[in-house]
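Q: So here's entry_21.txt (compact mmCIF, C-alpha atoms).
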```
# COMPACT_ATOMS: atom_id res chain seq x y z
CA MET A 256 41.14 -38.29 17.67
CA LYS A 257 39.22 -37.99 20.91
CA PRO A 258 35.78 -36.42 20.39
CA ARG A 259 35.22 -32.98 21.80
CA ASN A 260 32.65 -32.26 24.49
CA TRP A 261 29.37 -31.63 22.67
CA SER A 262 26.69 -29.45 24.24
CA GLN A 263 23.65 -27.43 23.32
CA VAL A 264 25.04 -23.89 23.44
CA THR A 265 22.49 -21.26 24.49
CA GLU A 266 24.94 -18.50 25.32
CA PHE A 267 28.57 -17.49 24.88
CA ILE A 268 31.04 -15.94 27.31
CA ILE A 269 33.04 -13.10 25.75
CA LEU A 270 36.49 -13.10 27.35
CA GLY A 271 37.79 -9.84 25.91
CA PHE A 272 41.16 -8.95 27.50
CA PRO A 273 41.24 -11.19 30.61
CA HIS A 274 44.86 -10.29 31.43
CA LEU A 275 43.98 -6.57 31.65
CA GLN A 276 41.84 -6.91 34.78
CA GLY A 277 43.71 -4.14 36.57
CA VAL A 278 43.14 -1.53 33.87
CA GLN A 279 39.71 -2.53 32.53
CA ALA A 280 38.06 0.42 34.29
CA TYR A 281 40.44 2.85 32.54
CA LEU A 282 39.93 1.05 29.23
CA PHE A 283 36.17 1.35 29.76
CA LEU A 284 36.41 5.11 30.31
CA LEU A 285 38.63 5.56 27.25
CA LEU A 286 36.36 3.51 24.96
CA LEU A 287 33.26 5.22 26.40
CA LEU A 288 34.73 8.65 25.61
CA ILE A 289 35.55 7.56 22.05
CA TYR A 290 32.10 6.00 21.68
CA LEU A 291 30.24 9.13 22.84
CA THR A 292 32.43 11.41 20.72
CA THR A 293 31.75 9.26 17.65
CA ILE A 294 28.00 9.35 18.27
CA LEU A 295 28.09 13.13 18.70
CA GLY A 296 30.14 13.63 15.53
CA ASP A 297 27.90 11.42 13.40
CA LEU A 298 24.72 12.99 14.81
CA VAL A 299 26.02 16.51 14.14
CA ILE A 300 26.73 15.73 10.48
CA PHE A 301 23.41 13.92 9.99
CA LEU A 302 21.30 16.62 11.66
CA VAL A 303 23.14 19.53 10.03
CA VAL A 304 22.58 18.05 6.57
CA CYS A 305 18.90 17.40 7.34
CA LEU A 306 18.26 20.89 8.77
CA ASN A 307 20.28 22.96 6.29
CA SER A 308 18.68 23.35 2.87
CA ARG A 309 22.02 24.40 1.33
CA LEU A 310 23.33 20.92 1.99
CA HIS A 311 20.41 19.14 0.33
CA THR A 312 22.61 17.90 -2.50
CA PRO A 313 23.37 14.32 -3.60
CA MET A 314 26.87 14.40 -2.10
CA TYR A 315 25.69 15.46 1.34
CA LEU A 316 22.73 13.09 1.16
CA PHE A 317 25.19 10.21 0.84
CA VAL A 318 27.45 11.73 3.52
CA SER A 319 24.51 11.99 5.96
CA ILE A 320 23.48 8.39 5.27
CA LEU A 321 27.09 7.31 5.76
CA SER A 322 27.13 9.09 9.14
CA LEU A 323 23.89 7.36 10.12
CA LEU A 324 25.40 4.01 9.09
CA GLU A 325 28.52 4.66 11.17
CA LEU A 326 26.25 5.42 14.11
CA ASP A 327 24.37 2.14 13.69
CA TYR A 328 27.65 0.29 13.10
CA ILE A 329 29.18 1.24 16.45
CA VAL A 330 25.88 0.76 18.31
CA ALA A 331 25.87 -2.86 17.08
CA THR A 332 29.04 -3.73 19.02
CA ASN A 333 30.31 -0.99 21.33
CA PRO A 334 27.61 -0.95 24.07
CA LYS A 335 27.96 -4.70 24.68
CA MET A 336 31.75 -4.37 24.51
CA LEU A 337 31.66 -1.65 27.17
CA LEU A 338 29.31 -3.68 29.35
CA ASN A 339 31.62 -6.68 29.14
CA LEU A 340 34.49 -4.58 30.47
CA LEU A 341 32.57 -3.84 33.66
CA SER A 342 30.60 -6.94 34.59
CA GLU A 343 28.30 -8.96 32.34
CA LYS A 344 30.31 -11.00 29.84
CA THR A 345 27.64 -13.35 28.52
CA ILE A 346 25.60 -13.04 25.33
CA SER A 347 22.85 -15.35 24.11
CA PHE A 348 23.35 -17.46 21.01
CA SER A 349 20.66 -15.52 19.11
CA GLY A 350 22.05 -12.22 20.41
CA CYS A 351 25.50 -13.20 19.19
CA LEU A 352 24.17 -14.00 15.71
CA LEU A 353 22.29 -10.69 15.62
CA GLN A 354 25.42 -8.79 16.59
CA ILE A 355 27.40 -10.52 13.82
CA TYR A 356 24.60 -9.85 11.32
CA PHE A 357 24.32 -6.11 11.98
CA PHE A 358 28.09 -5.69 12.26
CA HIS A 359 28.61 -7.20 8.80
CA SER A 360 25.50 -5.90 7.04
CA LEU A 361 26.12 -2.30 8.10
CA GLY A 362 29.80 -2.57 7.20
CA ALA A 363 28.87 -3.85 3.73
CA THR A 364 26.31 -1.06 3.26
CA GLU A 365 29.02 1.48 4.09
CA CYS A 366 31.19 0.10 1.30
CA TYR A 367 28.31 0.22 -1.17
CA LEU A 368 27.48 3.82 -0.26
CA LEU A 369 31.10 4.81 -0.75
CA THR A 370 30.79 3.63 -4.36
CA ALA A 371 27.69 5.84 -4.74
CA LEU A 372 29.59 8.80 -3.27
CA ALA A 373 32.47 8.17 -5.67
CA TYR A 374 30.10 7.98 -8.64
CA ASP A 375 28.41 11.20 -7.54
CA ARG A 376 31.79 12.99 -7.44
CA TYR A 377 32.67 11.53 -10.84
CA LEU A 378 29.53 13.00 -12.41
CA ALA A 379 29.95 16.36 -10.63
CA ILE A 380 33.59 16.82 -11.59
CA CYS A 381 34.00 14.96 -14.88
CA GLN A 382 30.55 15.58 -16.37
CA PRO A 383 29.31 18.80 -14.69
CA LEU A 384 26.89 19.75 -17.48
CA HIS A 385 25.03 16.44 -17.18
CA TYR A 386 25.23 16.26 -13.38
CA PRO A 387 21.90 17.99 -12.51
CA THR A 388 19.93 15.71 -14.85
CA SER A 389 21.95 12.56 -14.13
CA MET A 390 22.10 12.58 -10.33
CA THR A 391 18.52 13.50 -9.44
CA PRO A 392 17.07 13.30 -5.92
CA ALA A 393 14.87 10.38 -6.99
CA LEU A 394 17.92 8.48 -8.26
CA CYS A 395 19.81 9.21 -5.02
CA VAL A 396 16.98 7.74 -2.96
CA LYS A 397 16.81 4.65 -5.19
CA ILE A 398 20.58 4.14 -4.91
CA ALA A 399 20.53 4.55 -1.14
CA VAL A 400 17.57 2.17 -0.67
CA GLY A 401 19.10 -0.36 -3.06
CA TYR A 402 22.43 -0.33 -1.23
CA TRP A 403 20.70 -0.60 2.15
CA LEU A 404 18.77 -3.67 0.98
CA GLY A 405 21.89 -5.16 -0.59
CA GLY A 406 23.87 -4.67 2.60
CA LEU A 407 21.15 -6.13 4.81
CA ALA A 408 20.89 -9.20 2.58
CA GLY A 409 24.66 -9.73 2.37
CA PRO A 410 25.41 -11.77 5.53
CA LEU A 411 22.24 -13.88 5.49
CA ALA A 412 23.92 -16.91 3.89
CA GLU A 413 26.79 -16.81 6.39
CA ILE A 414 24.46 -16.35 9.36
CA SER A 415 22.24 -19.23 8.18
CA LEU A 416 25.23 -21.58 7.92
CA VAL A 417 26.53 -20.65 11.38
CA SER A 418 23.09 -21.01 13.00
CA HIS A 419 22.98 -24.71 11.99
CA LEU A 420 26.41 -25.59 13.39
CA PRO A 421 26.78 -27.74 16.55
CA PHE A 422 28.98 -26.09 19.19
CA CYS A 423 31.28 -27.54 21.81
CA ALA A 424 32.06 -26.62 25.37
CA PRO A 425 33.67 -24.46 26.61
CA ASN A 426 31.64 -21.66 25.04
CA HIS A 427 34.31 -18.98 25.51
CA ILE A 428 34.74 -16.45 22.70
CA GLN A 429 38.31 -15.18 22.56
CA HIS A 430 37.31 -11.75 21.33
CA MET A 431 35.82 -8.39 22.33
CA PHE A 432 32.52 -9.08 20.56
CA CYS A 433 30.85 -11.75 18.44
CA ASP A 434 32.28 -12.26 14.98
CA PHE A 435 32.50 -15.12 12.50
CA PRO A 436 36.10 -16.36 13.09
CA PRO A 437 35.96 -16.72 16.92
CA VAL A 438 32.47 -18.25 16.79
CA LEU A 439 33.44 -20.73 14.06
CA SER A 440 36.39 -21.85 16.18
CA LEU A 441 33.91 -23.23 18.76
CA ALA A 442 32.08 -25.47 16.30
CA CYS A 443 32.21 -29.24 16.83
CA THR A 444 32.27 -30.04 13.13
CA ASP A 445 34.20 -29.15 10.00
CA THR A 446 33.69 -25.47 9.12
CA SER A 447 35.59 -25.39 5.83
CA ILE A 448 32.39 -24.61 3.89
CA ASN A 449 31.63 -21.74 6.28
CA VAL A 450 35.16 -20.37 5.94
CA LEU A 451 35.03 -20.63 2.14
CA VAL A 452 31.65 -18.87 1.91
CA TYR A 453 32.83 -16.26 4.42
CA PHE A 454 36.03 -15.57 2.45
CA VAL A 455 34.36 -15.49 -0.99
CA ILE A 456 31.55 -13.15 0.10
CA ASN A 457 33.84 -10.68 1.85
CA SER A 458 36.41 -10.80 -0.96
CA CYS A 459 33.73 -10.07 -3.55
CA LYS A 460 32.37 -7.18 -1.49
CA ILE A 461 35.69 -5.44 -1.08
CA LEU A 462 36.90 -6.18 -4.62
CA ALA A 463 33.71 -4.94 -6.28
CA ALA A 464 33.61 -1.79 -4.14
CA PHE A 465 37.30 -1.09 -4.70
CA LEU A 466 37.07 -1.49 -8.49
CA LEU A 467 33.98 0.72 -8.74
CA ILE A 468 35.55 3.42 -6.56
CA LEU A 469 38.81 3.19 -8.51
CA SER A 470 36.97 3.52 -11.84
CA SER A 471 35.42 6.76 -10.54
CA TYR A 472 38.42 8.35 -8.83
CA VAL A 473 41.01 7.75 -11.55
CA PRO A 474 39.20 10.06 -14.03
CA ILE A 475 38.40 12.43 -11.14
CA ILE A 476 42.08 12.81 -10.28
CA CYS A 477 42.98 13.31 -13.94
CA THR A 478 40.30 16.01 -14.24
CA VAL A 479 41.32 17.77 -11.02
CA LEU A 480 44.94 17.94 -12.17
CA ARG A 481 43.81 19.79 -15.31
CA ILE A 482 41.77 22.38 -13.38
CA PRO A 483 43.49 25.83 -13.23
CA PRO A 484 44.44 26.82 -9.66
CA ALA A 485 42.24 29.93 -9.77
CA THR A 486 39.01 28.03 -10.45
CA GLY A 487 38.53 26.15 -7.20
CA LYS A 488 41.10 23.39 -7.67
CA ARG A 489 42.04 23.47 -3.97
CA LYS A 490 38.43 23.01 -2.81
CA VAL A 491 37.77 20.13 -5.21
CA PHE A 492 41.05 18.48 -4.24
CA PHE A 493 40.37 18.58 -0.49
CA THR A 494 36.78 17.34 -0.94
CA CYS A 495 37.99 14.35 -2.95
CA ALA A 496 40.90 13.77 -0.56
CA SER A 497 38.54 13.55 2.43
CA HIS A 498 36.31 11.07 0.59
CA LEU A 499 39.29 8.95 -0.44
CA THR A 500 40.53 8.92 3.15
CA VAL A 501 37.19 7.57 4.35
CA VAL A 502 37.28 4.98 1.54
CA LEU A 503 40.74 3.81 2.62
CA ILE A 504 39.68 3.63 6.27
CA ILE A 505 36.42 1.72 5.76
CA CYS A 506 37.52 -0.56 2.92
CA GLY A 507 40.88 -1.07 4.61
CA ARG A 508 39.08 -2.11 7.78
CA ILE A 509 37.13 -4.80 5.95
CA LEU A 510 40.16 -5.88 3.91
CA PHE A 511 42.44 -6.43 6.92
CA MET A 512 39.81 -7.87 9.25
CA TYR A 513 38.16 -10.37 6.91
CA VAL A 514 40.26 -10.96 3.78
CA LEU A 515 43.98 -10.53 4.47
CA LYS A 516 44.01 -11.35 8.18
CA LYS A 517 46.26 -14.27 9.04
CA SER A 518 46.90 -16.21 12.24
CA TYR A 519 48.44 -13.62 14.53
CA SER A 520 48.63 -13.77 18.31
CA LEU A 521 45.36 -13.48 20.19
CA ASP A 522 46.30 -10.10 21.67
CA TYR A 523 47.22 -8.73 18.23
CA ASP A 524 43.97 -10.01 16.73
CA GLN A 525 41.87 -8.44 19.47
CA ALA A 526 43.77 -5.14 19.38
CA LEU A 527 43.29 -4.98 15.60
CA SER A 528 39.56 -5.62 15.97
CA VAL A 529 39.21 -2.88 18.60
CA PHE A 530 41.13 -0.47 16.38
CA TYR A 531 38.91 -1.06 13.35
CA SER A 532 35.60 -1.29 15.23
CA VAL A 533 36.15 1.66 17.60
CA LEU A 534 38.87 4.01 16.36
CA THR A 535 38.14 4.09 12.62
CA PRO A 536 34.47 5.11 13.11
CA PHE A 537 35.78 7.74 15.56
CA LEU A 538 37.96 9.31 12.83
CA ASN A 539 35.35 9.47 10.06
CA PRO A 540 33.21 12.37 11.42
CA PHE A 541 36.33 14.55 11.70
CA ILE A 542 37.35 13.72 8.13
CA LEU A 543 33.87 14.44 6.71
CA HIS A 544 33.48 17.62 8.79
CA ASN A 545 34.53 20.05 6.03
CA LYS A 546 34.22 23.83 5.72
CA GLU A 547 30.64 23.78 4.42
CA VAL A 548 29.51 21.59 7.32
CA ASN A 549 31.30 23.87 9.80
CA GLU A 550 29.55 26.92 8.36
CA ALA A 551 26.20 25.15 8.49
CA VAL A 552 26.81 24.24 12.15
CA ARG A 553 27.59 27.89 13.00
CA ARG A 554 24.45 29.09 11.20
CA GLN A 555 22.36 26.54 13.05
CA LEU A 556 23.83 27.52 16.42
CA LYS A 557 23.17 31.21 15.71
CA ARG A 558 19.62 30.39 14.68
CA THR A 559 18.97 28.58 17.97
CA GLY A 560 20.62 31.34 20.02
CA ILE A 561 23.45 29.14 21.36
CA LEU A 562 26.06 31.12 19.42
CA GLU A 563 25.75 34.88 19.16
```
Please re-express this file's structure in structure tokens.
A:
Amino acid sequence: MKPRNWSQVTEFIILGFPHLQGVQAYLFLLLLLIYLTTILGDLVIFLVVCLNSRLHTPMYLFVSILSLLELDYIVATNPKMLLNLLSEKTISFSGCLLQIYFFHSLGATECYLLTALAYDRYLAICQPLHYPTSMTPALCVKIAVGYWLGGLAGPLAEISLVSHLPFCAPNHIQHMFCDFPPVLSLACTDTSINVLVYFVINSCKILAAFLLILSSYVPIICTVLRIPPATGKRKVFFTCASHLTVVLIICGRILFMYVLKKSYSLDYDQALSVFYSVLTPFLNPFILHNKEVNEAVRRQLKRTGILE
């Protein structure tokens, strides 16, 4: 086999959707609107929980941290993605690795926090008498910090392996942003170890999170079904349904992007990545924006004089 053209790669060129040159300005405006709306939605939930003492409960603590994570998650990829649609399409090698690191570490932390949210709902619904003493503020902080550290440490092995790979010219990334699969495809050497480590780590993340969430929500559903309709069954059901929807969106995103994804066409692969990196974070603030949050927003607006 003829050897490939080896070179010392210092930057990558992100191609994005090269065949959509005529509509990239419209795509930019659409993605910018979604991006700004997502930021606003996540900021509203985070600030409302912080400013409203009635929402200083374990559940809303985890919800506010989840909103902050979603905010960081989209900031890791969307600004550069938007910039690439207009003009600058290059990214440095170190910048590419940083983008991959934060994209994966924040995504993993989201999954871990969803397990904490599920466990919190399990204690509140299935063991209400023990809930105040079991889920204390100190324990919530420890769980949140532990999951943050676990998420930040998650991709280090994968990033370390990629950083030592030799890369070949051309340095064109067939994607909207830096990620492991398109970057690994540019390597000049065998990447089977990288692919194996990548698959095992992501499979373990999603499997562990799914099993922990399932072990919490199965007894929750059984308990909710036994609650008489007149004692708040509807409220408990919709709260759990919103949480489960977020679980399916976030865990489904990771599952399809990094575990079950096969060799589809390039356009399909890029469209799927845009959907899960842009549209799913856009939906989460609307799902988590429940009645209590809406009431807290109205009280805060009245307090500031914006709403009479």
Q: Please indicate the distance in Å from CA of Leu324 in chain A to CA of Ile448 in chain A, rounded to one decimal place.
A: 29.9 Å
Q: For Val502 in chain A, which residue out of A:Glu365, A:Glu550, A:Asp445, A:Asp434 is the nearest one, using all atoms listed in the file?
A: A:Glu365
Q: Please list as a PyMOL selection string every residue within 9 Å of Tyr472 in chain A, counting only C-alpha atoms and excluding residues in the same chain fewer than 4 positions away.
A: chain A and resi 373-374+376-377+467-468+476-477+495+499
Q: For Leu286 in chain A, which residue out of A:Leu480, A:Leu451, A:Leu337, A:Ile320 is the nearest one, using only C-alpha atoms?
A: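 Smallest separation from Leu286 in chain A among the options: A:Leu337.
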Q: Taking (38.6, 0.8, 17.7) in the file's own coordinates, collect the residues within 10 Å, counting all atoms listed in the file, and hand them back as a PDB file with C-alpha atoms, in the coordinates of the input.
A:
```
ATOM      1  CA  LEU A 286      36.360   3.510  24.960  1.00  0.00           C
ATOM      2  CA  ILE A 289      35.550   7.560  22.050  1.00  0.00           C
ATOM      3  CA  TYR A 290      32.100   6.000  21.680  1.00  0.00           C
ATOM      4  CA  ILE A 329      29.180   1.240  16.450  1.00  0.00           C
ATOM      5  CA  ASN A 333      30.310  -0.990  21.330  1.00  0.00           C
ATOM      6  CA  GLN A 525      41.870  -8.440  19.470  1.00  0.00           C
ATOM      7  CA  ALA A 526      43.770  -5.140  19.380  1.00  0.00           C
ATOM      8  CA  LEU A 527      43.290  -4.980  15.600  1.00  0.00           C
ATOM      9  CA  SER A 528      39.560  -5.620  15.970  1.00  0.00           C
ATOM     10  CA  VAL A 529      39.210  -2.880  18.600  1.00  0.00           C
ATOM     11  CA  PHE A 530      41.130  -0.470  16.380  1.00  0.00           C
ATOM     12  CA  TYR A 531      38.910  -1.060  13.350  1.00  0.00           C
ATOM     13  CA  SER A 532      35.600  -1.290  15.230  1.00  0.00           C
ATOM     14  CA  VAL A 533      36.150   1.660  17.600  1.00  0.00           C
ATOM     15  CA  LEU A 534      38.870   4.010  16.360  1.00  0.00           C
ATOM     16  CA  THR A 535      38.140   4.090  12.620  1.00  0.00           C
ATOM     17  CA  PRO A 536      34.470   5.110  13.110  1.00  0.00           C
ATOM     18  CA  PHE A 537      35.780   7.740  15.560  1.00  0.00           C
ATOM     19  CA  LEU A 538      37.960   9.310  12.830  1.00  0.00           C
TER      20      LEU A 538
END
```
Q: Would you list the contacts of Phe422 in chain A as a list in words, taking every protein, DNA or RNA residue within 12 Å and counting all atoms listed in the file, but skipping same-chain residues closer than 4 positions in sequence?
A: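 The residues satisfying every condition are Arg259, Asn260, Trp261, Ser262, Gln263, Val264, Thr265, Glu266, Phe267, Phe348, Val417, Ser418, Asn426, His427, Ile428, Pro437, Val438, Leu439, Ser440, Leu441, Ala442, Cys443, Thr444, Asp445 and Thr446 of chain A.
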Q: Go through A:Val318, A:Leu416, A:Val501, A:Leu306 and flag the residue nearest Ala551 in chain A, using all atoms listed in the file for the distances.
A: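 Ranking A:Val318, A:Leu416, A:Val501, A:Leu306 by distance to Ala551 in chain A, first place goes to A:Leu306.
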Q: Compare A:Ser470, A:Ser415, A:Thr364, A:Thr370 by their minimum atom-to-atom distance to Glu325 in chain A, counting all atoms listed in the file, and give me the closest one.
A: A:Thr364
Q: Could you check the closest approach to Gly271 in chain A for each of A:Ile504, A:Met431, A:His419, A:Leu285 and tell me which residue wins, using only C-alpha atoms?
A: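 The closest residue to Gly271 in chain A is A:Met431.
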Q: Using only C-alpha atoms, which of the listed residues (A:Arg481, A:His498, A:Lys344, A:His311) sits closest to Asn539 in chain A?
A: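 Using only C-alpha atoms, Asn539 in chain A sits closest to A:His498.
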